[in-house]
Amino acid sequence: MSQAVAAAPRSDARTASRWFAALILPIGPAAIALLRYFLPYDTVDDPATITTKILADPGRSSLVLWFGYIGVLTLVPGAYFVGRLIRARAPWLTAIALLLLVPGYLSLPWASSGDVFTWSAGQAGLDAGAITRAAEITHGSADIAGVVFVVGHVLGTILLGIALWRSRMVPRWAAVATAISQPIHFVAAVVLVSHTLDLVGWGLQAVGFAAVGWAILRLRDDAWQPLP
């Protein structure tokens, strides 16, 4: 009797953790999808143009910063929950994908700190030329963070999609959506320069992660977290 009573809270916690995972999984990619869609400038713009566009629409720029903050809070937990679901069936691919993804996602706030500075400086009434000159002087760690973010989240997501395919834990379309999401984002950001296509790219990752969440919800508690 005492063992059954003691096990009940643990079981409830496991159910709650599955619901938490399912709910948080699509939030990060969806937030970045909206960020990329509403971004007031293009990725390929020069610093002066970026400054001008941010200052010209501070409300939109502020919204983008909020989406970025939501992404920072949720992308790493989402990647962890995907890995937790599939690591037993695709251990090496999952491990490599997470080794790329987690540092990439953690580099996002450092790599995008220039946008926060530009918005804040604009709100303080500083001259656009002075803001641009300051924004062009970046610390080496910010440059490295940019590379880690780009390489980590693009290659990491591709490998995670392949791992999802091999795990057979989600429908094949969800694995494909995840794998192609970031190549589409890359093309949209630096080749075609299309915010709508960028929305589609990150949106595909959000849909793929939502499918992972649904697979987690369908698990039994013992499959998600076996009791000792």
# chains A, B, ... in the order shown; residues from 1 in each chain; ligands from 1
$ select_by_dssp --residues "range 110-173 of chain A" --states "alpha helix (DSSP H)" --output "short mmCIF file (atom, residue, chain, number, x, y, z; two decimals) with all heavy atoms, in the first residue's frame"
data_model
loop_
_atom_site.label_atom_id
_atom_site.label_comp_id
_atom_site.auth_asym_id
_atom_site.auth_seq_id
_atom_site.Cartn_x
_atom_site.Cartn_y
_atom_site.Cartn_z
N TRP A 110 24.15 35.94 -27.99
CA TRP A 110 25.42 36.64 -28.15
C TRP A 110 25.58 37.12 -29.60
O TRP A 110 26.02 38.24 -29.85
CB TRP A 110 26.57 35.73 -27.77
CG TRP A 110 27.83 36.45 -27.36
CD1 TRP A 110 29.02 36.49 -28.04
CD2 TRP A 110 28.03 37.23 -26.18
NE1 TRP A 110 29.93 37.24 -27.36
CE2 TRP A 110 29.36 37.72 -26.20
CE3 TRP A 110 27.20 37.58 -25.11
CZ2 TRP A 110 29.88 38.52 -25.20
CZ3 TRP A 110 27.72 38.38 -24.11
CH2 TRP A 110 29.04 38.84 -24.16
N ALA A 111 25.16 36.26 -30.54
CA ALA A 111 25.29 36.61 -31.95
C ALA A 111 24.34 37.73 -32.35
O ALA A 111 24.61 38.49 -33.29
CB ALA A 111 25.05 35.38 -32.82
N SER A 113 23.21 40.13 -30.25
CA SER A 113 23.24 41.23 -29.29
C SER A 113 23.30 42.60 -29.96
O SER A 113 22.90 43.60 -29.38
CB SER A 113 24.43 41.06 -28.34
OG SER A 113 25.65 41.01 -29.07
N GLY A 114 23.81 42.64 -31.19
CA GLY A 114 23.89 43.91 -31.91
C GLY A 114 22.53 44.54 -32.15
O GLY A 114 22.39 45.77 -32.11
N ASP A 115 21.51 43.71 -32.37
CA ASP A 115 20.17 44.25 -32.60
C ASP A 115 19.61 44.90 -31.33
O ASP A 115 18.93 45.93 -31.40
CB ASP A 115 19.23 43.14 -33.06
CG ASP A 115 19.47 42.74 -34.50
OD1 ASP A 115 20.42 43.27 -35.11
OD2 ASP A 115 18.74 41.87 -35.01
N VAL A 116 19.90 44.29 -30.18
CA VAL A 116 19.46 44.88 -28.92
C VAL A 116 20.14 46.22 -28.71
O VAL A 116 19.50 47.22 -28.32
CB VAL A 116 19.78 43.94 -27.73
CG1 VAL A 116 19.36 44.56 -26.42
CG2 VAL A 116 19.11 42.59 -27.93
N PHE A 117 21.45 46.28 -29.00
CA PHE A 117 22.18 47.54 -28.86
C PHE A 117 21.63 48.61 -29.77
O PHE A 117 21.39 49.76 -29.36
CB PHE A 117 23.66 47.32 -29.15
CG PHE A 117 24.41 48.60 -29.42
CD1 PHE A 117 24.76 49.44 -28.36
CD2 PHE A 117 24.72 48.98 -30.71
CE1 PHE A 117 25.42 50.64 -28.61
CE2 PHE A 117 25.39 50.17 -30.96
CZ PHE A 117 25.74 51.01 -29.91
N THR A 118 21.39 48.25 -31.04
CA THR A 118 20.91 49.24 -32.01
C THR A 118 19.55 49.78 -31.61
O THR A 118 19.30 50.99 -31.68
CB THR A 118 20.85 48.61 -33.41
OG1 THR A 118 22.15 48.15 -33.78
CG2 THR A 118 20.36 49.61 -34.44
N TRP A 119 18.66 48.92 -31.18
CA TRP A 119 17.33 49.37 -30.76
C TRP A 119 17.43 50.28 -29.55
O TRP A 119 16.81 51.33 -29.50
CB TRP A 119 16.44 48.16 -30.45
CG TRP A 119 15.04 48.54 -30.07
CD1 TRP A 119 13.99 48.71 -30.93
CD2 TRP A 119 14.54 48.81 -28.75
NE1 TRP A 119 12.86 49.07 -30.22
CE2 TRP A 119 13.17 49.14 -28.90
CE3 TRP A 119 15.11 48.80 -27.49
CZ2 TRP A 119 12.37 49.46 -27.79
CZ3 TRP A 119 14.32 49.12 -26.40
CH2 TRP A 119 12.96 49.45 -26.55
N SER A 120 18.22 49.88 -28.56
CA SER A 120 18.36 50.66 -27.33
C SER A 120 18.99 52.02 -27.62
O SER A 120 18.55 53.05 -27.10
CB SER A 120 19.20 49.91 -26.30
OG SER A 120 18.60 48.69 -25.95
N ALA A 121 20.02 52.02 -28.46
CA ALA A 121 20.68 53.28 -28.80
C ALA A 121 19.73 54.20 -29.56
O ALA A 121 19.73 55.42 -29.35
CB ALA A 121 21.92 53.00 -29.64
N GLY A 122 18.91 53.62 -30.41
CA GLY A 122 17.93 54.43 -31.13
C GLY A 122 16.90 55.04 -30.20
O GLY A 122 16.52 56.21 -30.34
N GLN A 123 16.45 54.24 -29.22
CA GLN A 123 15.49 54.76 -28.25
C GLN A 123 16.10 55.85 -27.38
O GLN A 123 15.39 56.73 -26.88
CB GLN A 123 14.98 53.62 -27.37
CG GLN A 123 14.13 52.59 -28.11
CD GLN A 123 12.92 53.20 -28.78
OE1 GLN A 123 12.01 53.68 -28.11
NE2 GLN A 123 12.91 53.20 -30.10
N ALA A 128 22.18 57.99 -35.92
CA ALA A 128 22.26 56.73 -36.66
C ALA A 128 23.68 56.43 -37.11
O ALA A 128 24.12 55.27 -37.09
CB ALA A 128 21.33 56.78 -37.87
N GLY A 129 24.42 57.46 -37.50
CA GLY A 129 25.81 57.24 -37.91
C GLY A 129 26.67 56.74 -36.78
O GLY A 129 27.49 55.83 -36.96
N ALA A 130 26.48 57.31 -35.58
CA ALA A 130 27.25 56.87 -34.42
C ALA A 130 26.88 55.45 -34.03
O ALA A 130 27.75 54.64 -33.66
CB ALA A 130 27.01 57.83 -33.25
N ILE A 131 25.59 55.13 -34.11
CA ILE A 131 25.15 53.77 -33.80
C ILE A 131 25.79 52.76 -34.75
O ILE A 131 26.26 51.71 -34.33
CB ILE A 131 23.61 53.66 -33.86
CG1 ILE A 131 22.97 54.55 -32.78
CG2 ILE A 131 23.16 52.21 -33.70
CD1 ILE A 131 21.46 54.62 -32.88
N THR A 132 25.82 53.11 -36.03
CA THR A 132 26.41 52.21 -37.02
C THR A 132 27.88 52.00 -36.76
O THR A 132 28.38 50.87 -36.82
CB THR A 132 26.21 52.77 -38.44
OG1 THR A 132 24.81 52.90 -38.71
CG2 THR A 132 26.83 51.85 -39.47
N ARG A 133 28.60 53.07 -36.45
CA ARG A 133 30.04 52.94 -36.19
C ARG A 133 30.30 52.06 -34.98
O ARG A 133 31.22 51.23 -34.99
CB ARG A 133 30.66 54.33 -35.98
CG ARG A 133 30.75 55.16 -37.25
CD ARG A 133 31.65 56.37 -37.06
NE ARG A 133 31.13 57.28 -36.04
CZ ARG A 133 30.25 58.26 -36.28
NH1 ARG A 133 29.78 58.44 -37.52
NH2 ARG A 133 29.84 59.04 -35.32
N ALA A 134 29.47 52.20 -33.95
CA ALA A 134 29.63 51.36 -32.76
C ALA A 134 29.26 49.91 -33.06
O ALA A 134 29.92 48.98 -32.59
CB ALA A 134 28.77 51.90 -31.63
N ALA A 135 28.20 49.71 -33.85
CA ALA A 135 27.76 48.35 -34.17
C ALA A 135 28.77 47.61 -35.02
O ALA A 135 28.86 46.37 -34.97
CB ALA A 135 26.41 48.40 -34.88
N GLU A 136 29.54 48.35 -35.82
CA GLU A 136 30.54 47.71 -36.68
C GLU A 136 31.74 47.20 -35.90
O GLU A 136 32.49 46.35 -36.38
CB GLU A 136 31.00 48.70 -37.75
CG GLU A 136 29.95 48.97 -38.83
CD GLU A 136 30.41 50.00 -39.84
OE1 GLU A 136 31.13 50.95 -39.43
OE2 GLU A 136 30.06 49.86 -41.02
N GLY A 140 35.41 39.77 -30.64
CA GLY A 140 35.70 38.51 -31.32
C GLY A 140 34.78 37.39 -30.91
O GLY A 140 34.44 36.52 -31.72
N SER A 141 34.34 37.41 -29.65
CA SER A 141 33.45 36.34 -29.19
C SER A 141 32.11 36.39 -29.92
O SER A 141 31.49 35.35 -30.16
CB SER A 141 33.23 36.46 -27.68
OG SER A 141 32.64 37.71 -27.35
N ALA A 142 31.66 37.61 -30.27
CA ALA A 142 30.40 37.74 -31.00
C ALA A 142 30.55 37.18 -32.42
O ALA A 142 29.62 36.55 -32.95
CB ALA A 142 29.96 39.19 -31.05
N ASP A 143 31.71 37.40 -33.03
CA ASP A 143 31.95 36.84 -34.36
C ASP A 143 31.96 35.32 -34.33
O ASP A 143 31.38 34.65 -35.19
CB ASP A 143 33.29 37.36 -34.91
CG ASP A 143 33.29 38.87 -35.10
OD1 ASP A 143 32.21 39.43 -35.37
OD2 ASP A 143 34.37 39.48 -34.97
N ILE A 144 32.63 34.76 -33.32
CA ILE A 144 32.66 33.30 -33.18
C ILE A 144 31.27 32.76 -32.90
O ILE A 144 30.85 31.73 -33.44
CB ILE A 144 33.64 32.89 -32.08
CG1 ILE A 144 35.07 33.23 -32.49
CG2 ILE A 144 33.52 31.39 -31.77
CD1 ILE A 144 36.11 32.97 -31.43
N ALA A 145 30.52 33.47 -32.05
CA ALA A 145 29.16 33.04 -31.73
C ALA A 145 28.30 32.98 -32.98
O ALA A 145 27.46 32.08 -33.13
CB ALA A 145 28.53 33.97 -30.70
N GLY A 146 28.49 33.93 -33.88
CA GLY A 146 27.73 33.93 -35.13
C GLY A 146 28.01 32.69 -35.96
O GLY A 146 27.09 32.07 -36.51
N VAL A 147 29.29 32.31 -36.04
CA VAL A 147 29.67 31.11 -36.80
C VAL A 147 29.11 29.86 -36.13
O VAL A 147 28.55 28.97 -36.80
CB VAL A 147 31.20 31.02 -36.94
CG1 VAL A 147 31.60 29.70 -37.59
CG2 VAL A 147 31.74 32.20 -37.74
N VAL A 148 29.26 29.78 -34.81
CA VAL A 148 28.76 28.61 -34.07
C VAL A 148 27.26 28.47 -34.23
O VAL A 148 26.73 27.36 -34.42
CB VAL A 148 29.14 28.71 -32.58
CG1 VAL A 148 28.46 27.60 -31.77
CG2 VAL A 148 30.65 28.62 -32.41
N PHE A 149 26.55 29.61 -34.18
CA PHE A 149 25.09 29.56 -34.34
C PHE A 149 24.70 29.06 -35.73
O PHE A 149 23.88 28.15 -35.86
CB PHE A 149 24.49 30.93 -34.10
CG PHE A 149 23.03 31.01 -34.44
CD1 PHE A 149 22.09 30.29 -33.72
CD2 PHE A 149 22.59 31.77 -35.51
CE1 PHE A 149 20.74 30.33 -34.05
CE2 PHE A 149 21.25 31.83 -35.85
CZ PHE A 149 20.32 31.11 -35.11
N VAL A 150 25.29 29.64 -36.76
CA VAL A 150 24.91 29.27 -38.13
C VAL A 150 25.23 27.80 -38.41
O VAL A 150 24.37 27.04 -38.85
CB VAL A 150 25.61 30.19 -39.15
CG1 VAL A 150 25.37 29.67 -40.57
CG2 VAL A 150 25.12 31.62 -39.02
N VAL A 151 26.48 27.41 -38.15
CA VAL A 151 26.89 26.03 -38.42
C VAL A 151 26.12 25.05 -37.53
O VAL A 151 25.62 24.02 -37.99
CB VAL A 151 28.40 25.86 -38.22
CG1 VAL A 151 28.81 24.39 -38.36
CG2 VAL A 151 29.17 26.71 -39.22
N GLY A 152 26.01 25.40 -36.25
CA GLY A 152 25.38 24.50 -35.30
C GLY A 152 23.92 24.25 -35.58
O GLY A 152 23.48 23.09 -35.61
N HIS A 153 23.15 25.32 -35.82
CA HIS A 153 21.71 25.09 -35.97
C HIS A 153 21.34 24.56 -37.35
O HIS A 153 20.35 23.85 -37.49
CB HIS A 153 20.91 26.35 -35.61
CG HIS A 153 20.71 27.33 -36.71
ND1 HIS A 153 21.66 28.26 -37.05
CD2 HIS A 153 19.66 27.54 -37.54
CE1 HIS A 153 21.20 29.01 -38.05
NE2 HIS A 153 20.00 28.59 -38.36
N VAL A 154 22.14 24.87 -38.37
CA VAL A 154 21.82 24.34 -39.71
C VAL A 154 22.21 22.86 -39.80
O VAL A 154 21.36 22.01 -40.09
CB VAL A 154 22.51 25.17 -40.81
CG1 VAL A 154 22.32 24.50 -42.17
CG2 VAL A 154 21.97 26.59 -40.84
N LEU A 155 23.47 22.54 -39.55
CA LEU A 155 23.91 21.15 -39.65
C LEU A 155 23.26 20.28 -38.57
O LEU A 155 22.88 19.14 -38.82
CB LEU A 155 25.43 21.07 -39.54
CG LEU A 155 26.23 21.67 -40.69
CD1 LEU A 155 27.72 21.46 -40.47
CD2 LEU A 155 25.81 21.09 -42.03
N GLY A 156 23.13 20.84 -37.37
CA GLY A 156 22.53 20.07 -36.29
C GLY A 156 21.10 19.67 -36.58
O GLY A 156 20.68 18.54 -36.29
N THR A 157 20.32 20.58 -37.16
CA THR A 157 18.93 20.26 -37.46
C THR A 157 18.82 19.23 -38.58
O THR A 157 17.94 18.36 -38.56
CB THR A 157 18.15 21.53 -37.83
OG1 THR A 157 18.32 22.51 -36.81
CG2 THR A 157 16.67 21.24 -38.00
N ILE A 158 19.71 19.33 -39.56
CA ILE A 158 19.72 18.31 -40.63
C ILE A 158 19.97 16.92 -40.03
O ILE A 158 19.25 15.96 -40.33
CB ILE A 158 20.79 18.64 -41.68
CG1 ILE A 158 20.42 19.92 -42.45
CG2 ILE A 158 20.95 17.48 -42.67
CD1 ILE A 158 21.52 20.42 -43.36
N LEU A 159 20.99 16.82 -39.19
CA LEU A 159 21.31 15.53 -38.57
C LEU A 159 20.20 15.05 -37.65
O LEU A 159 19.91 13.86 -37.57
CB LEU A 159 22.62 15.63 -37.80
CG LEU A 159 23.88 15.85 -38.65
CD1 LEU A 159 25.10 15.99 -37.76
CD2 LEU A 159 24.06 14.69 -39.63
N LEU A 160 19.56 16.00 -36.96
CA LEU A 160 18.45 15.61 -36.08
C LEU A 160 17.29 15.06 -36.89
O LEU A 160 16.62 14.10 -36.48
CB LEU A 160 18.00 16.82 -35.25
CG LEU A 160 17.12 16.50 -34.03
CD1 LEU A 160 17.92 15.72 -33.01
CD2 LEU A 160 16.59 17.79 -33.42
N GLY A 161 17.04 15.65 -38.06
CA GLY A 161 15.98 15.13 -38.93
C GLY A 161 16.30 13.73 -39.41
O GLY A 161 15.41 12.85 -39.46
N ILE A 162 17.57 13.48 -39.75
CA ILE A 162 17.97 12.14 -40.17
C ILE A 162 17.82 11.15 -39.02
O ILE A 162 17.37 10.01 -39.20
CB ILE A 162 19.42 12.15 -40.69
CG1 ILE A 162 19.52 13.05 -41.94
CG2 ILE A 162 19.89 10.74 -41.02
CD1 ILE A 162 20.95 13.25 -42.42
N ALA A 163 18.19 11.60 -37.81
CA ALA A 163 18.03 10.74 -36.64
C ALA A 163 16.56 10.42 -36.38
O ALA A 163 16.21 9.29 -36.01
CB ALA A 163 18.66 11.41 -35.42
N LEU A 164 15.70 11.41 -36.57
CA LEU A 164 14.26 11.16 -36.42
C LEU A 164 13.78 10.13 -37.42
O LEU A 164 12.97 9.25 -37.10
CB LEU A 164 13.49 12.47 -36.60
CG LEU A 164 13.48 13.44 -35.42
CD1 LEU A 164 12.96 14.81 -35.85
CD2 LEU A 164 12.63 12.90 -34.28
N TRP A 165 14.27 10.22 -38.65
CA TRP A 165 13.90 9.25 -39.69
C TRP A 165 14.33 7.84 -39.28
O TRP A 165 13.54 6.88 -39.38
CB TRP A 165 14.58 9.65 -41.00
CG TRP A 165 14.33 8.72 -42.15
CD1 TRP A 165 14.90 7.50 -42.37
CD2 TRP A 165 13.43 8.94 -43.25
NE1 TRP A 165 14.43 6.94 -43.53
CE2 TRP A 165 13.53 7.81 -44.10
CE3 TRP A 165 12.58 9.98 -43.61
CZ2 TRP A 165 12.80 7.70 -45.27
CZ3 TRP A 165 11.85 9.86 -44.79
CH2 TRP A 165 11.96 8.74 -45.60
N ARG A 166 15.55 7.71 -38.82
CA ARG A 166 16.06 6.38 -38.45
C ARG A 166 15.39 5.82 -37.19
O ARG A 166 15.29 4.60 -37.04
CB ARG A 166 17.58 6.45 -38.25
CG ARG A 166 18.35 6.68 -39.53
CD ARG A 166 19.84 6.49 -39.33
NE ARG A 166 20.58 6.63 -40.58
CZ ARG A 166 21.90 6.47 -40.69
NH1 ARG A 166 22.61 6.19 -39.61
NH2 ARG A 166 22.48 6.62 -41.85
N SER A 167 14.96 6.72 -36.32
CA SER A 167 14.36 6.24 -35.07
C SER A 167 12.97 5.64 -35.28
O SER A 167 12.53 4.82 -34.48
CB SER A 167 14.25 7.40 -34.08
OG SER A 167 13.21 8.29 -34.44
N ARG A 172 7.39 9.83 -41.11
CA ARG A 172 8.51 10.19 -41.97
C ARG A 172 8.43 11.64 -42.42
O ARG A 172 9.45 12.32 -42.57
CB ARG A 172 8.55 9.24 -43.18
CG ARG A 172 8.95 7.81 -42.82
CD ARG A 172 10.38 7.77 -42.32
NE ARG A 172 10.82 6.45 -41.88
CZ ARG A 172 11.38 5.54 -42.66
NH1 ARG A 172 11.51 5.77 -43.95
NH2 ARG A 172 11.79 4.41 -42.15
N TRP A 173 7.21 12.15 -42.64
CA TRP A 173 7.09 13.54 -43.09
C TRP A 173 7.62 14.51 -42.05
O TRP A 173 8.17 15.57 -42.40
CB TRP A 173 5.64 13.87 -43.44
CG TRP A 173 4.66 13.79 -42.30
CD1 TRP A 173 3.82 12.75 -42.01
CD2 TRP A 173 4.43 14.77 -41.28
NE1 TRP A 173 3.08 13.04 -40.89
CE2 TRP A 173 3.43 14.26 -40.42
CE3 TRP A 173 4.97 16.03 -41.02
CZ2 TRP A 173 2.97 14.97 -39.30
CZ3 TRP A 173 4.51 16.74 -39.91
CH2 TRP A 173 3.53 16.21 -39.07
#
$ atom_distance --atom1 "CA of Ile184 in chain A" --atom2 "CA of Leu39 in chain A"
16.8 Å
$ residues_around --residues "range 62-79 of chain A" --least-positions-apart "4" --cutoff "10 Å" --atoms "only C-alpha atoms" --output "ChimeraX atom specification"
/A:21-40,54,57-58,83-84,94,97-98,101-109,112-113,115-116,119-120,156-157,160,209-210,212-213
$ write_last_selection --atoms "C-alpha atoms" --output "PDB file, in the first residue's frame"
ATOM      1  CA  ALA A  21       7.809  18.584 -23.435  1.00  0.00           C
ATOM      2  CA  ALA A  22       4.998  18.412 -25.989  1.00  0.00           C
ATOM      3  CA  LEU A  23       3.946  22.000 -25.349  1.00  0.00           C
ATOM      4  CA  ILE A  24       7.412  23.543 -25.393  1.00  0.00           C
ATOM      5  CA  LEU A  25       8.791  21.677 -28.423  1.00  0.00           C
ATOM      6  CA  PRO A  26       7.254  23.798 -31.226  1.00  0.00           C
ATOM      7  CA  ILE A  27       7.479  27.150 -29.400  1.00  0.00           C
ATOM      8  CA  GLY A  28      11.148  27.882 -30.097  1.00  0.00           C
ATOM      9  CA  PRO A  29      11.113  27.227 -33.865  1.00  0.00           C
ATOM     10  CA  ALA A  30       7.748  29.003 -34.190  1.00  0.00           C
ATOM     11  CA  ALA A  31       9.120  32.063 -32.368  1.00  0.00           C
ATOM     12  CA  ILE A  32      12.154  32.220 -34.651  1.00  0.00           C
ATOM     13  CA  ALA A  33       9.912  31.707 -37.693  1.00  0.00           C
ATOM     14  CA  LEU A  34       7.945  34.811 -36.700  1.00  0.00           C
ATOM     15  CA  LEU A  35      11.164  36.661 -35.890  1.00  0.00           C
ATOM     16  CA  ARG A  36      12.543  35.976 -39.358  1.00  0.00           C
ATOM     17  CA  TYR A  37       9.262  36.992 -40.981  1.00  0.00           C
ATOM     18  CA  PHE A  38       8.945  40.307 -39.122  1.00  0.00           C
ATOM     19  CA  LEU A  39      12.675  41.128 -39.161  1.00  0.00           C
ATOM     20  CA  PRO A  40      12.821  44.752 -40.394  1.00  0.00           C
ATOM     21  CA  ILE A  54      15.729  49.149 -37.136  1.00  0.00           C
ATOM     22  CA  ASP A  57      10.386  50.844 -37.171  1.00  0.00           C
ATOM     23  CA  PRO A  58      11.209  50.489 -33.453  1.00  0.00           C
ATOM     24  CA  GLY A  83      17.033  13.808 -28.205  1.00  0.00           C
ATOM     25  CA  ARG A  84      15.451  12.168 -25.184  1.00  0.00           C
ATOM     26  CA  THR A  94      21.375  12.157 -31.919  1.00  0.00           C
ATOM     27  CA  ALA A  97      23.166  16.596 -33.671  1.00  0.00           C
ATOM     28  CA  LEU A  98      22.820  17.836 -30.093  1.00  0.00           C
ATOM     29  CA  LEU A 101      22.522  22.272 -31.892  1.00  0.00           C
ATOM     30  CA  VAL A 102      22.940  23.129 -28.223  1.00  0.00           C
ATOM     31  CA  PRO A 103      26.047  25.338 -28.628  1.00  0.00           C
ATOM     32  CA  GLY A 104      24.422  26.873 -31.700  1.00  0.00           C
ATOM     33  CA  TYR A 105      21.245  27.780 -29.845  1.00  0.00           C
ATOM     34  CA  LEU A 106      23.186  29.011 -26.806  1.00  0.00           C
ATOM     35  CA  SER A 107      25.163  31.327 -29.118  1.00  0.00           C
ATOM     36  CA  LEU A 108      22.010  32.994 -30.437  1.00  0.00           C
ATOM     37  CA  PRO A 109      21.727  35.790 -27.833  1.00  0.00           C
ATOM     38  CA  SER A 112      22.189  38.838 -32.049  1.00  0.00           C
ATOM     39  CA  SER A 113      23.235  41.233 -29.290  1.00  0.00           C
ATOM     40  CA  ASP A 115      20.168  44.248 -32.597  1.00  0.00           C
ATOM     41  CA  VAL A 116      19.462  44.882 -28.919  1.00  0.00           C
ATOM     42  CA  TRP A 119      17.329  49.365 -30.762  1.00  0.00           C
ATOM     43  CA  SER A 120      18.357  50.665 -27.331  1.00  0.00           C
ATOM     44  CA  GLY A 156      22.530  20.074 -36.291  1.00  0.00           C
ATOM     45  CA  THR A 157      18.926  20.255 -37.463  1.00  0.00           C
ATOM     46  CA  LEU A 160      18.452  15.612 -36.076  1.00  0.00           C
ATOM     47  CA  PHE A 209       8.881  19.325 -33.458  1.00  0.00           C
ATOM     48  CA  ALA A 210       5.124  19.411 -32.820  1.00  0.00           C
ATOM     49  CA  VAL A 212       7.709  14.871 -31.849  1.00  0.00           C
ATOM     50  CA  GLY A 213       5.594  16.339 -29.052  1.00  0.00           C
TER      51      GLY A 213
END
$ atom_distance --atom1 "CA of Phe20 in chain A" --atom2 "CA of Pro226 in chain A"
17.5 Å
$ atom_distance --atom1 "CA of Val200 in chain A" --atom2 "CA of Val82 in chain A"
20.6 Å
